[in-house]
Each structure stands twice: as C-alpha cells, then as structure tokens.
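J.: Let me give you the structure first, and then I'll get to my questions.
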Amino acid sequence: MSPGSVAPVEMFLVATTSMNLTVPLLVGLAKLISGATVRWVDCQPDTCQRVYFANHTSHLDALVLWASLPPDVRSLTRPVAAKDYWDRGPLRRHIAQSFNALLIDRKDIKVHNSPIQRILSEIGDTHSVIVFPEGGRNDDGQIGEFKSGIYYLNKKRPELEMVPVYLDNMNRILPRGEVLPVPLLSCITFGAPMWLEAGESKEDFLRRAREAVLRLKEL
Amino acid sequence: MMQQVSIGFATSPLLAKTPPWLDAPTAILLFAVLAILALAALGGEILRRQPDAFVNPAVVRAFNGRIRAWLLMCAILGMAMLVGLLSDMAGRAAMVVLFFGVSFWALREYITVTPTRFGDHRALFWVFLIFTPMQYLLVGLDVCWTTGPDFYRFYSILIPVYGSLFIPARSAFAGDHRRFLERTAKIHLGLLICVYTLSYAPAMLDLNLLYGPNRERWSGSNAGVLFYFVLIVQLGDVMQFLWDRLLGKRPIAQDIHAGRTWEGLLGGVLCTALVGGALWWVTPFNFGSAFIISGVTALFGYAGGMTMSAIKRDRGVQDYGTLVQGHAGVLDRIDSLCFAAPVFYHLTRFFYTDQSLVSELMSHARL
C-alpha cells in the first residue's frame, strides 16, 4: 500500500471505530453482497458453546457466516482465520479485530502452542468458533478432505456442539485471487449438531463430519 | 400554480404544458385495482381457514401467493406514485429507482442459477456494477430531466450494441476458452432480459404523448400509462392461466411447459385485449388502438413466460427462487413484463408521440 493511501484508510478506521460503526457496516455489507438466504435445518440458533465447521471457497466465507448469525449469538462467536492474511495492513487488521477473529499462525506451529490449545484457551467457557476444516480454500467448489483440528477440539472438549454448515455459491461471488465481488445470491445451511462418539476413530469422525456438510448441499 | 416558463423554441402553448403526474382516471384505476386485490386476498384468507377443504389447499395457497405478490407490486407502484405528488421529479426518480432494484434482483437470480466459469468473473462485475446502473442512469436522466435531450438514443443502444461487444471481449481477455460461446450468450441474454427490456417500463414516463386525430398534446398522466401497462401484462398472465386451466387441450410445447396451451394463448390474448380496450380512458389511445396494443402486449408477455420456462427447463429448476428461497423468485413474476415492456413502449412511441419516425413522416406528408 502506498503511503498516500494510508491516510484516508486510517481516517476511515478512526471514524468508524469511534462511532462503533464497523460491525453494523460489515454485517450490512456482507448481507448485501452475498444476498444470503439462511436456513437452519434440524438446528436452532443458540448461545451455547459451538464449533461451526463449514466448507471454504472464498475470503468472504468467515464474514458472511458470522454475519448470518443472530446478533446475540454473533457477539459470542469468533471466526478462526489465517494470521498471514488478516494481520497484513491496517484495514484487514481492523476488520479482523471488529469481528473478533481468532488469528492462527499457519506457519509457526509448535507443540507447546498448538492452534488447538490456543483456540481452546481463547474461547474459554463462553465463546463459540467458526472453523474451516479443509485448511485452505477450494477453487472448484468441491469439498476437500477435513484436517484433524475439529477432531481434537471435540476430543478435548466433548461438550462442544459441532455444527456442520454448508456455504453455497460463495466461490462465484468472490473467487480466489479476485478483489471485487459480484453480488450474486448465496445460501447458508446450518445442520444438526454432532459429537464425537465414544471410541470413534479420528478418520471415522472426520469422514462423518465431511458427509454432514455434504448432505446439507443436497437439501 | 404550475406556471410554465415558455422557453425559446416551444412551438405551441400546448407543448409547453407538462402533463400532470397523477390524473383522475389513473387514481380511479389504481384504487379499483387495490380494492379488487384486497377483496381477493380476503376471499383467499376465508378459503384458507375453511376447516373442511372443499377446494384443493395447494390451489388456495398458490392463489394467495399470487394475490399477495400483486398487492405488494401494486402497493409499491402506488407508493412511487404518491411520492410523485410531493414533487414531480421525486416521483419520476422513485419509479426509475424502483425498476432498477427489480432489474438488479432479477439479474442476481438469473446469473445465480446460470453456470458461469471463473473466467467470467470480471465480465460479470461489469454487468452488475457498470452496465446495469449505467442503463438506469441514462433512463433516469431521460425521465427526470424533462427539458433535457432525448437519451433514448443512448440507452437504446448501450446494452444491445456495446454490452454485447464488451462481455465476450472481457471474457476473452480473461483467457478461458471453454464453452466460450455458451457462457457469453448466457450472460448477455440475462442482461438483455432482466435489465435492458425492463428499463423501457420507467422510460415510458418521458414520452410526449399525443392524442386524437389532430395529434394534440395529451393532458393525462404518463404514470397512469405505466400503471396501465403493468396491469395489462398481469391481466394477461391471469387470463392465460384461467383459459389454460378451464379449456386448455392442445399444448404448445409439451417439453417446455405442459400447462401452456393454444387455447390459453388465444383466449388469454383476446380477453386481455378486450379488458385493455375497455380501459382506454386511462391512456391516450381510443378503444380500437387500446384493444390492439393490449393484445400485442399480452402476446409478448406470453412469449416471455414461454421463453423463461424454456430456460428453467434447460437449467432443471422449478423457479428462479428455488435455489434461494424455496418459492418463486422475482424473475418468475416479471418475465412477461420484461418481454412486453419494449413492444408497448415502441408502439406508443411510434404512433402516439412526436418523438418518432411516424410523426416525422406525417409532418413531411402535411408539408
């Protein structure tokens, strides 16, 4: 970013922060651009502690999913996002702060400070999180294999409700590598909560979780 | 109160007078339609609450849905007309903004159910955020700037000429050649149907309507003519539906829409023409021309319904709203309006204004 363009951005940031406008602005913009229809299937919005896990195709995913939650649930829900993307530049950092994102370092993973440990200590016993278990975005709209994060989350905290979410059409609204969104319509489907069964293996649980997201696609 | 300053070239005192935003016939028609719809909604509600369903509940639900959509449509149009009572300019602007919103939403629905590829992203950005607003900006300038130039010359070519050249070029620059013709045709058809054609509806507000054998300036309301147009097209849908249901035997194209029959087409068009003729008093037309114009408008509306059915069949969707809301979308409700708007506009412009080839030829013949 050139030095000349920083000043207006910072002025904008100061103005929106001081008036507490960023959140309504972000939510409104996310809803306007995504035209999202929200469906709760076998699941109701609740402030209990949950892990929302969704397919990932666009930078908009976290923001749109977060914006689609009712305000009281939203204020207790933190999207888990990549630090290398959201910690770059004042605008991104400000947006990440406003929607209370939990930034995870994808490169510098150590045993004593694993992402799972960080997520668990950050959410305490009040917050819910939004995660994208595929690890990265998928370009073609297919759902890739899930990484093991959600398994360990649920293993360490068995009472967390694991809620599958399917995001439809988001990759056409803002595909990888694009900056300007095309305001098509999208659909967000929340499915029935699930838990790690007693004695269930990691592979079985991850397959079951992925199938739960895939099933929402057909509804 | 409405003292008009005659500016330079106004050739006759008649031409200098701006027609009123709302006149008595328009107000009467608007209230009559609202009253009929309200009664129908009441009837539908009573039917719905019947404990023993003597009518098929699915039919009642479909009927109630339709009536609600029309009430909404009527209320929104009525609201824009009321805005015009505050100030003529505000009413015109409100009408243009209203149709812009409808176009934009219909285009979202259309592109959402139409597969495009990653290479079309930038072209789609132009379609949504440059061409669509630009079209309505030009129509808005035309309609709101009453003493300004005739922007018809620009907005009538923007999308058919420059849109149709720009979209394939932009997709070609993006470098993806797979299904290229198919993709660009889809996008351009969407822009044409959802945006270009529908923008002719608010453009009617700028027509200098003439009246009678001596072609004097008509003193009625253009907003009334616009309402008349919407009413005729919606009536065409109802008439066609009723004829199809009651007397339909020979399907036009079984694979496109089994319910649409030749009986429905003929009966629907004829009945719509009759009602349109009987409502001539809202327009500058006489009974005969109102009959013909309504008939042709209904015919185009029918063609719109058929075409959109064909697209839906091709895409394998029930309604444009299905992906999104589980009920019929905006585009399902306005397909006939889109197809009928240009033909109604052009028939009126050619034969009932001083802004057309016909009137130029007539003044030449008189000289």
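Please note that chains go A, B, ... in the order of the structure tokens, that every chain numbers its residues from 1, and that ligands are numbered from 1 in the order shown.
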Find the residues of chain B that sit at most 6 Å from chain A; for each, write down the nearest two atoms and how far apart they are in Å, to one decimal. Count only C-alpha atoms. Sort by chain, then by number going up, and give it as JSON lines.
T.:
```
{"residue": "B:Arg108", "atom": "CA", "partner": "A:Leu184", "partner_atom": "CA", "distance": 4.9}
{"residue": "B:Thr112", "atom": "CA", "partner": "A:Leu184", "partner_atom": "CA", "distance": 5.8}
{"residue": "B:Phe125", "atom": "CA", "partner": "A:Val182", "partner_atom": "CA", "distance": 5.3}
```
J.: So which bits of stretch 41-72 of chain A end up strand (DSSP E or B) when you DSSP the backbone, as number ranges by chain?
T.: A: 50-54
J.: Might you pull out every residue within 8 Å of stretch 213-220 of chain B, with only C-alpha atoms counted and same-chain residues fewer than 3 positions away left off, and present them as an mmCIF file with N, CA and C atoms, in the first residue's frame?
T.:
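So the final result, stored in result.cif, reads:
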```
data_model
loop_
_atom_site.group_PDB
_atom_site.id
_atom_site.type_symbol
_atom_site.label_atom_id
_atom_site.label_comp_id
_atom_site.auth_asym_id
_atom_site.auth_seq_id
_atom_site.Cartn_x
_atom_site.Cartn_y
_atom_site.Cartn_z
ATOM 1 N N LEU B 14 -49.503 24.420 -26.282
ATOM 2 C CA LEU B 14 -49.853 23.073 -25.828
ATOM 3 C C LEU B 14 -48.613 22.276 -25.439
ATOM 4 N N LEU B 15 -47.561 22.441 -26.215
ATOM 5 C CA LEU B 15 -46.345 21.659 -25.980
ATOM 6 C C LEU B 15 -45.634 22.099 -24.709
ATOM 7 N N PRO B 19 -47.663 17.506 -18.588
ATOM 8 C CA PRO B 19 -48.851 16.774 -18.131
ATOM 9 C C PRO B 19 -48.753 16.510 -16.634
ATOM 10 N N PRO B 20 -49.885 16.357 -15.968
ATOM 11 C CA PRO B 20 -49.866 16.159 -14.515
ATOM 12 C C PRO B 20 -49.275 14.804 -14.165
ATOM 13 N N LEU B 22 -50.355 12.754 -11.663
ATOM 14 C CA LEU B 22 -51.494 11.852 -11.474
ATOM 15 C C LEU B 22 -52.747 12.544 -11.976
ATOM 16 N N ASP B 23 -53.614 11.817 -12.693
ATOM 17 C CA ASP B 23 -54.901 12.409 -13.038
ATOM 18 C C ASP B 23 -56.019 11.527 -12.487
ATOM 19 N N ASN B 208 -43.677 12.088 -24.873
ATOM 20 C CA ASN B 208 -44.569 13.245 -25.093
ATOM 21 C C ASN B 208 -45.808 12.729 -25.795
ATOM 22 N N LEU B 209 -46.776 12.293 -25.023
ATOM 23 C CA LEU B 209 -47.914 11.597 -25.630
ATOM 24 C C LEU B 209 -48.834 12.562 -26.373
ATOM 25 N N LEU B 210 -49.276 12.142 -27.543
ATOM 26 C CA LEU B 210 -50.212 12.916 -28.367
ATOM 27 C C LEU B 210 -51.552 12.200 -28.379
ATOM 28 N N GLY B 224 -49.863 7.012 -15.188
ATOM 29 C CA GLY B 224 -51.070 6.222 -15.401
ATOM 30 C C GLY B 224 -50.886 5.226 -16.535
ATOM 31 N N VAL B 282 -57.762 5.503 -19.578
ATOM 32 C CA VAL B 282 -56.576 5.865 -18.786
ATOM 33 C C VAL B 282 -55.447 6.334 -19.711
ATOM 34 N N THR B 283 -55.571 6.016 -20.994
ATOM 35 C CA THR B 283 -54.464 6.214 -21.943
ATOM 36 C C THR B 283 -54.829 7.241 -23.009
ATOM 37 N N PRO B 284 -53.866 7.612 -23.849
ATOM 38 C CA PRO B 284 -54.217 8.488 -24.973
ATOM 39 C C PRO B 284 -54.838 7.720 -26.144
ATOM 40 N N TYR B 352 -47.968 7.427 -30.957
ATOM 41 C CA TYR B 352 -48.632 8.375 -30.064
ATOM 42 C C TYR B 352 -47.718 9.456 -29.509
#
```
J.: So that I can see what lies close to stretch 234-248 of chain B, please list as a ChimeraX atom specification the residues with an atom at most 12 Å from it, counting only C-alpha atoms and leaving out residues fewer than 5 positions away in the same chain.
T.: /B:33,59,63,66-67,69-71,73-74,227-229,257-276,294-306,332-338,340
J.: Which residues are near B:Leu72? Cut-off 12 Å, only C-alpha atoms, ignore same chain within fewer than 4 positions. Put them as number ranges by chain.
T.: B: 34, 37-38, 41, 65-68, 76-79, 330, 333
J.: Just N, CA and C atoms for this one: save the residues we selected as an mmCIF file, in the first residue's frame.
T.:
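What landed in out.cif:
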```
data_model
loop_
_atom_site.group_PDB
_atom_site.id
_atom_site.type_symbol
_atom_site.label_atom_id
_atom_site.label_comp_id
_atom_site.auth_asym_id
_atom_site.auth_seq_id
_atom_site.Cartn_x
_atom_site.Cartn_y
_atom_site.Cartn_z
ATOM 1 N N LEU B 34 -56.615 -1.899 -6.387
ATOM 2 C CA LEU B 34 -56.289 -2.203 -4.988
ATOM 3 C C LEU B 34 -57.484 -2.812 -4.267
ATOM 4 N N LEU B 37 -58.013 -6.403 -5.417
ATOM 5 C CA LEU B 37 -56.982 -7.282 -4.853
ATOM 6 C C LEU B 37 -57.232 -7.524 -3.365
ATOM 7 N N ALA B 38 -57.634 -6.466 -2.647
ATOM 8 C CA ALA B 38 -57.896 -6.616 -1.219
ATOM 9 C C ALA B 38 -59.043 -7.599 -1.005
ATOM 10 N N ALA B 41 -57.793 -11.035 -1.632
ATOM 11 C CA ALA B 41 -56.970 -11.503 -0.519
ATOM 12 C C ALA B 41 -57.865 -11.970 0.635
ATOM 13 N N GLY B 65 -50.652 -16.764 -2.727
ATOM 14 C CA GLY B 65 -49.295 -16.284 -3.025
ATOM 15 C C GLY B 65 -49.310 -15.254 -4.138
ATOM 16 N N ARG B 66 -50.061 -15.582 -5.193
ATOM 17 C CA ARG B 66 -50.175 -14.669 -6.334
ATOM 18 C C ARG B 66 -50.758 -13.323 -5.918
ATOM 19 N N ILE B 67 -51.891 -13.416 -5.169
ATOM 20 C CA ILE B 67 -52.574 -12.184 -4.759
ATOM 21 C C ILE B 67 -51.646 -11.319 -3.907
ATOM 22 N N ARG B 68 -50.929 -11.978 -2.987
ATOM 23 C CA ARG B 68 -50.006 -11.214 -2.132
ATOM 24 C C ARG B 68 -48.946 -10.522 -2.975
ATOM 25 N N ILE B 76 -46.287 -0.998 -4.039
ATOM 26 C CA ILE B 76 -45.016 -0.335 -4.326
ATOM 27 C C ILE B 76 -45.183 0.702 -5.430
ATOM 28 N N LEU B 77 -45.914 0.302 -6.495
ATOM 29 C CA LEU B 77 -46.169 1.259 -7.583
ATOM 30 C C LEU B 77 -46.956 2.455 -7.058
ATOM 31 N N GLY B 78 -47.966 2.167 -6.220
ATOM 32 C CA GLY B 78 -48.791 3.223 -5.653
ATOM 33 C C GLY B 78 -47.960 4.179 -4.810
ATOM 34 N N MET B 79 -47.007 3.597 -4.048
ATOM 35 C CA MET B 79 -46.139 4.404 -3.201
ATOM 36 C C MET B 79 -45.316 5.366 -4.062
ATOM 37 N N VAL B 330 -38.284 -13.229 -7.978
ATOM 38 C CA VAL B 330 -38.714 -12.002 -8.653
ATOM 39 C C VAL B 330 -38.828 -12.247 -10.162
ATOM 40 N N ARG B 333 -41.926 -13.679 -11.505
ATOM 41 C CA ARG B 333 -43.094 -12.786 -11.504
ATOM 42 C C ARG B 333 -43.028 -11.758 -12.619
#
```
J.: Within 10 Å of B:Ser156, counting only C-alpha atoms, which residues show up once you throw out same-chain ones fewer than 6 positions away? Write them as JSON, numbers by chain, please.
T.: {"B": [135, 138, 139, 196, 197, 199, 200]}
J.: Can you tell me how far atom CA of B:Tyr211 sits from atom CA of B:Ala32, in Å to one decimal?
T.: 24.7 Å
J.: Where in stretch 15-210 of chain A does DSSP assign helix (DSSP H, G or I), given as a PyMOL selection string?
T.: chain A and resi 15-18+22-34+60-68+71-74+83-86+90-98+115-123+149-156+170-173+202-210
J.: For C-alpha atoms, I'd like the residues from the last selection saved as a PDB file, in the first residue's frame.
T.:
```pdb
ATOM      1  CA  ALA A  15     -14.167   7.418  12.192  1.00  0.00           C
ATOM      2  CA  THR A  16     -15.859   4.018  12.109  1.00  0.00           C
ATOM      3  CA  THR A  17     -14.227   2.834  15.319  1.00  0.00           C
ATOM      4  CA  SER A  18     -15.083   5.946  17.271  1.00  0.00           C
ATOM      5  CA  THR A  22     -17.653  -1.134  11.825  1.00  0.00           C
ATOM      6  CA  VAL A  23     -19.741  -4.094  12.942  1.00  0.00           C
ATOM      7  CA  PRO A  24     -23.108  -2.917  11.554  1.00  0.00           C
ATOM      8  CA  LEU A  25     -21.288  -1.744   8.425  1.00  0.00           C
ATOM      9  CA  LEU A  26     -19.560  -5.096   7.938  1.00  0.00           C
ATOM     10  CA  VAL A  27     -22.707  -7.103   8.645  1.00  0.00           C
ATOM     11  CA  GLY A  28     -24.782  -4.959   6.300  1.00  0.00           C
ATOM     12  CA  LEU A  29     -22.200  -5.120   3.550  1.00  0.00           C
ATOM     13  CA  ALA A  30     -21.775  -8.882   3.911  1.00  0.00           C
ATOM     14  CA  LYS A  31     -25.527  -9.403   3.667  1.00  0.00           C
ATOM     15  CA  LEU A  32     -25.847  -7.013   0.730  1.00  0.00           C
ATOM     16  CA  ILE A  33     -23.047  -8.580  -1.308  1.00  0.00           C
ATOM     17  CA  SER A  34     -23.853 -12.211  -0.572  1.00  0.00           C
ATOM     18  CA  LEU A  60     -15.997 -13.867   2.263  1.00  0.00           C
ATOM     19  CA  ASP A  61     -16.911 -17.172   3.943  1.00  0.00           C
ATOM     20  CA  ALA A  62     -15.996 -16.288   7.514  1.00  0.00           C
ATOM     21  CA  LEU A  63     -17.522 -12.817   7.336  1.00  0.00           C
ATOM     22  CA  VAL A  64     -20.767 -13.937   5.696  1.00  0.00           C
ATOM     23  CA  LEU A  65     -21.239 -16.905   8.021  1.00  0.00           C
ATOM     24  CA  TRP A  66     -20.574 -14.719  11.037  1.00  0.00           C
ATOM     25  CA  ALA A  67     -22.969 -12.021   9.759  1.00  0.00           C
ATOM     26  CA  SER A  68     -25.727 -14.580   9.199  1.00  0.00           C
ATOM     27  CA  PRO A  71     -26.807 -10.631  16.906  1.00  0.00           C
ATOM     28  CA  ASP A  72     -26.721 -12.240  20.369  1.00  0.00           C
ATOM     29  CA  VAL A  73     -25.114 -15.416  19.009  1.00  0.00           C
ATOM     30  CA  ARG A  74     -22.795 -13.392  16.771  1.00  0.00           C
ATOM     31  CA  LYS A  83      -2.903 -14.764  10.624  1.00  0.00           C
ATOM     32  CA  ASP A  84      -0.760 -14.397   7.487  1.00  0.00           C
ATOM     33  CA  TYR A  85      -3.757 -12.954   5.604  1.00  0.00           C
ATOM     34  CA  TRP A  86      -5.684 -10.984   8.216  1.00  0.00           C
ATOM     35  CA  PRO A  90      -4.387  -1.688   8.805  1.00  0.00           C
ATOM     36  CA  LEU A  91      -7.700  -2.305   7.042  1.00  0.00           C
ATOM     37  CA  ARG A  92      -7.573  -6.103   7.290  1.00  0.00           C
ATOM     38  CA  ARG A  93      -6.340  -5.958  10.867  1.00  0.00           C
ATOM     39  CA  HIS A  94      -9.150  -3.591  11.774  1.00  0.00           C
ATOM     40  CA  ILE A  95     -11.783  -5.819  10.135  1.00  0.00           C
ATOM     41  CA  ALA A  96     -10.375  -8.895  11.860  1.00  0.00           C
ATOM     42  CA  GLN A  97     -10.499  -7.074  15.203  1.00  0.00           C
ATOM     43  CA  SER A  98     -14.061  -5.882  14.655  1.00  0.00           C
ATOM     44  CA  PRO A 115      -3.618 -23.922  17.302  1.00  0.00           C
ATOM     45  CA  ILE A 116      -5.998 -26.227  19.153  1.00  0.00           C
ATOM     46  CA  GLN A 117      -4.588 -25.149  22.529  1.00  0.00           C
ATOM     47  CA  ARG A 118      -4.848 -21.504  21.527  1.00  0.00           C
ATOM     48  CA  ILE A 119      -8.442 -21.833  20.312  1.00  0.00           C
ATOM     49  CA  LEU A 120      -9.483 -23.652  23.494  1.00  0.00           C
ATOM     50  CA  SER A 121      -7.843 -21.135  25.808  1.00  0.00           C
ATOM     51  CA  GLU A 122      -9.244 -18.170  23.849  1.00  0.00           C
ATOM     52  CA  ILE A 123     -12.848 -19.346  23.795  1.00  0.00           C
ATOM     53  CA  GLY A 149      -8.400 -29.945  14.049  1.00  0.00           C
ATOM     54  CA  ILE A 150     -12.102 -30.420  14.702  1.00  0.00           C
ATOM     55  CA  TYR A 151     -11.437 -33.950  15.965  1.00  0.00           C
ATOM     56  CA  TYR A 152      -9.002 -32.731  18.612  1.00  0.00           C
ATOM     57  CA  LEU A 153     -11.267 -29.806  19.535  1.00  0.00           C
ATOM     58  CA  ASN A 154     -14.125 -32.159  20.250  1.00  0.00           C
ATOM     59  CA  LYS A 155     -11.881 -34.746  21.920  1.00  0.00           C
ATOM     60  CA  LYS A 156     -10.577 -32.213  24.435  1.00  0.00           C
ATOM     61  CA  MET A 170     -19.715 -18.108  -2.306  1.00  0.00           C
ATOM     62  CA  ASN A 171     -16.866 -19.042  -4.680  1.00  0.00           C
ATOM     63  CA  ARG A 172     -18.691 -17.305  -7.533  1.00  0.00           C
ATOM     64  CA  ILE A 173     -19.286 -14.147  -5.517  1.00  0.00           C
ATOM     65  CA  LYS A 202     -10.226 -39.858  14.033  1.00  0.00           C
ATOM     66  CA  GLU A 203     -10.761 -40.982  10.416  1.00  0.00           C
ATOM     67  CA  ASP A 204     -14.345 -42.054  11.068  1.00  0.00           C
ATOM     68  CA  PHE A 205     -15.210 -38.802  12.798  1.00  0.00           C
ATOM     69  CA  LEU A 206     -13.676 -36.650  10.076  1.00  0.00           C
ATOM     70  CA  ARG A 207     -15.466 -38.635   7.366  1.00  0.00           C
ATOM     71  CA  ARG A 208     -18.758 -38.313   9.251  1.00  0.00           C
ATOM     72  CA  ALA A 209     -18.243 -34.558   9.651  1.00  0.00           C
ATOM     73  CA  ARG A 210     -17.473 -34.100   5.974  1.00  0.00           C
TER      74      ARG A 210
END
```
J.: Separation of atom CA of B:Ala75 and atom CA of B:Pro25, in Å?
T.: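 Distance between the two atoms: 17.6 Å.
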J.: One decimal, Å: what's the distance from atom CA of A:Gln44 over to atom CA of A:Thr189, could you say?
T.: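 Straight-line distance from atom CA of A:Gln44 to atom CA of A:Thr189 works out to 11.3 Å.
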